[in-house]
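The next block is final26.pdb, given as PDB, C-alpha atoms.
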```pdb
MODEL        1
ATOM      1  CA  MET A  12      -3.358  10.198  -1.257
ATOM      2  CA  LYS A  13      -0.558   7.962  -2.453
ATOM      3  CA  VAL A  14       0.271   4.458  -1.205
ATOM      4  CA  THR A  15       3.692   3.039  -2.078
ATOM      5  CA  GLU A  16       4.872  -0.520  -1.493
ATOM      6  CA  GLU A  17       8.469  -0.456  -0.286
ATOM      7  CA  GLN A  18      11.119  -3.037  -1.194
ATOM      8  CA  ASP A  19      10.842  -4.627   2.246
ATOM      9  CA  GLY A  20       7.107  -5.264   1.733
ATOM     10  CA  SER A  21       5.939  -2.426   3.962
ATOM     11  CA  PHE A  22       3.755   0.412   2.707
ATOM     12  CA  THR A  23       4.135   4.170   2.921
ATOM     13  CA  ILE A  24       1.033   6.348   2.859
ATOM     14  CA  ASP A  25       1.429   9.980   1.826
ATOM     15  CA  TRP A  26      -1.188  12.712   1.635
ATOM     16  CA  ASP A  27      -1.424  16.460   1.367
ATOM     17  CA  PRO A  28      -1.695  17.734   4.956
ATOM     18  CA  ASN A  29      -3.215  21.000   3.677
ATOM     19  CA  ASP A  30      -5.905  19.394   1.511
ATOM     20  CA  PRO A  31      -9.349  19.933   3.055
ATOM     21  CA  VAL A  32     -10.302  16.261   2.550
ATOM     22  CA  GLU A  33      -6.947  14.534   3.138
ATOM     23  CA  SER A  34      -6.041  16.621   6.199
ATOM     24  CA  VAL A  35      -8.275  14.340   8.274
ATOM     25  CA  PHE A  36      -5.332  11.896   8.215
ATOM     26  CA  ASN A  37      -2.982  14.376   9.919
ATOM     27  CA  THR A  38      -3.849  13.003  13.351
ATOM     28  CA  TRP A  39      -4.083   9.315  12.389
ATOM     29  CA  THR A  40      -1.618   6.836  13.834
ATOM     30  CA  GLU A  41      -0.298   3.724  12.100
ATOM     31  CA  GLU A  42      -2.843   1.705  14.079
ATOM     32  CA  ASP A  43      -5.654   3.981  12.835
ATOM     33  CA  PHE A  44      -4.722   3.183   9.216
ATOM     34  CA  ILE A  45      -4.454  -0.542   9.925
ATOM     35  CA  GLN A  46      -7.835  -0.595  11.674
ATOM     36  CA  CYS A  47      -9.471   1.342   8.819
ATOM     37  CA  ILE A  48      -8.141  -1.149   6.250
ATOM     38  CA  LYS A  49      -9.290  -4.109   8.362
ATOM     39  CA  ASP A  50     -12.747  -2.607   8.867
ATOM     40  CA  HIS A  51     -13.190  -1.979   5.156
ATOM     41  CA  ALA A  52     -11.932  -5.473   4.261
ATOM     42  CA  ARG A  53     -14.488  -6.955   6.671
ATOM     43  CA  GLU A  54     -17.225  -4.832   5.080
ATOM     44  CA  VAL A  55     -16.274  -5.762   1.504
ATOM     45  CA  LEU A  56     -15.589  -9.463   2.099
ATOM     46  CA  GLY A  57     -18.285 -10.149   4.653
ATOM     47  CA  GLU A  58     -17.690 -11.266   8.225
ATOM     48  CA  GLU A  59     -17.516 -15.012   7.505
ATOM     49  CA  THR A  60     -15.006 -14.749   4.643
ATOM     50  CA  TYR A  61     -12.925 -12.163   6.522
ATOM     51  CA  ASN A  62     -12.698 -14.405   9.597
ATOM     52  CA  ALA A  63     -11.866 -17.458   7.448
ATOM     53  CA  ILE A  64      -8.993 -15.572   5.825
ATOM     54  CA  LEU A  65      -7.656 -14.425   9.194
ATOM     55  CA  SER A  66      -7.795 -17.959  10.569
ATOM     56  CA  GLY A  67      -6.068 -19.389   7.482
ATOM     57  CA  GLN A  68      -9.068 -21.424   6.364
ATOM     58  CA  THR A  69      -9.890 -21.718   2.686
ATOM     59  CA  ASP A  70     -13.286 -20.505   1.535
ATOM     60  CA  GLN A  71     -14.643 -23.542  -0.306
ATOM     61  CA  GLN A  72     -17.233 -21.436  -2.137
ATOM     62  CA  HIS A  73     -14.522 -19.634  -4.089
ATOM     63  CA  GLN A  74     -12.504 -22.661  -5.191
ATOM     64  CA  GLU A  75     -12.965 -24.050  -8.654
ATOM     65  CA  GLU A  76     -14.110 -27.628  -8.788
ATOM     66  CA  LEU A  77     -11.776 -29.816 -10.738
ATOM     67  CA  PRO A  78     -13.457 -31.999 -13.340
ATOM     68  CA  GLU A  79     -13.421 -35.682 -12.578
ATOM     69  CA  ASP A  80     -10.988 -37.741 -14.595
ATOM     70  CA  SER A  81     -13.266 -39.856 -16.766
ATOM     71  CA  SER A  82     -10.379 -41.991 -18.058
ATOM     72  CA  THR A  83     -10.100 -43.960 -14.809
ATOM     73  CA  THR A  84     -12.435 -46.873 -14.169
TER      74      THR A  84
ENDMDL
END
```
If you took the structure in this file and wrote it as C-alpha cells, what would it be?
Amino acid sequence: MKVTEEQDGSFTIDWDPNDPVESVFNTWTEEDFIQCIKDHAREVLGEETYNAILSGQTDQQHQEELPEDSSTT
C-alpha cells in the first residue's frame, strides 16, 4: 500500500488489487478509508484526547509548562 500527499493537500491511496492481503481494499469507498483512519486515531489517542482534538480544545496534559520568570518581583 502506498499513500501519497498531493500538492493540494489531499491524499491518494494505492494498493495492489491482486495482492491477497491488499485486495480487501478493492471494495472500500473513500468514506471507508476515512472512517478506518478515524477509528484507529481514536484507539491510539484515547477517546478523551481524540474528542478534544476534534473540538479544537488543547490537551493541557501535553503542553510544556513554562518556567516562571524569577527576575520579576
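Here the PyMOL selection byres ((chain A and resi 25) around 8) catches exactly these residues: Met12, Lys13, Val14, Thr23, Ile24, Trp26 and Asp27 of chain A.
Note on the selection: in this file the PyMOL selection byres ((chain A and resi 44-55) around 12) comes out as Val14, Phe22, Thr23, Ile24, Asp25, Val35, Phe36, Asn37, Thr38, Trp39, Thr40, Glu41, Glu42, Asp43, Leu56, Gly57, Glu58, Glu59, Thr60, Tyr61, Asn62, Ala63, Ile64 and Leu65 of chain A.
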Can I get the selected residues back with C-alpha atoms, as a compact mmCIF listing (two decimals), in the coordinates of the input?
```txt
# COMPACT_ATOMS: atom_id res chain seq x y z
CA VAL A 14 0.27 4.46 -1.20
CA PHE A 22 3.76 0.41 2.71
CA THR A 23 4.14 4.17 2.92
CA ILE A 24 1.03 6.35 2.86
CA ASP A 25 1.43 9.98 1.83
CA VAL A 35 -8.28 14.34 8.27
CA PHE A 36 -5.33 11.90 8.22
CA ASN A 37 -2.98 14.38 9.92
CA THR A 38 -3.85 13.00 13.35
CA TRP A 39 -4.08 9.32 12.39
CA THR A 40 -1.62 6.84 13.83
CA GLU A 41 -0.30 3.72 12.10
CA GLU A 42 -2.84 1.70 14.08
CA ASP A 43 -5.65 3.98 12.84
CA LEU A 56 -15.59 -9.46 2.10
CA GLY A 57 -18.28 -10.15 4.65
CA GLU A 58 -17.69 -11.27 8.22
CA GLU A 59 -17.52 -15.01 7.50
CA THR A 60 -15.01 -14.75 4.64
CA TYR A 61 -12.92 -12.16 6.52
CA ASN A 62 -12.70 -14.40 9.60
CA ALA A 63 -11.87 -17.46 7.45
CA ILE A 64 -8.99 -15.57 5.82
CA LEU A 65 -7.66 -14.42 9.19
```
Using all atoms of region 53-61 of chain A that appear in the file, construct an axis-aligned enclosing box with 3 Å of padding on every side and provide its centre coordinates and edge lengths in Å, rounded to one decimal, as lines of an AutoDock Vina configuration file.
```
center_x = -15.6
center_y = -9.9
center_z = 4.9
size_x = 11.4
size_y = 16.2
size_z = 12.7
```
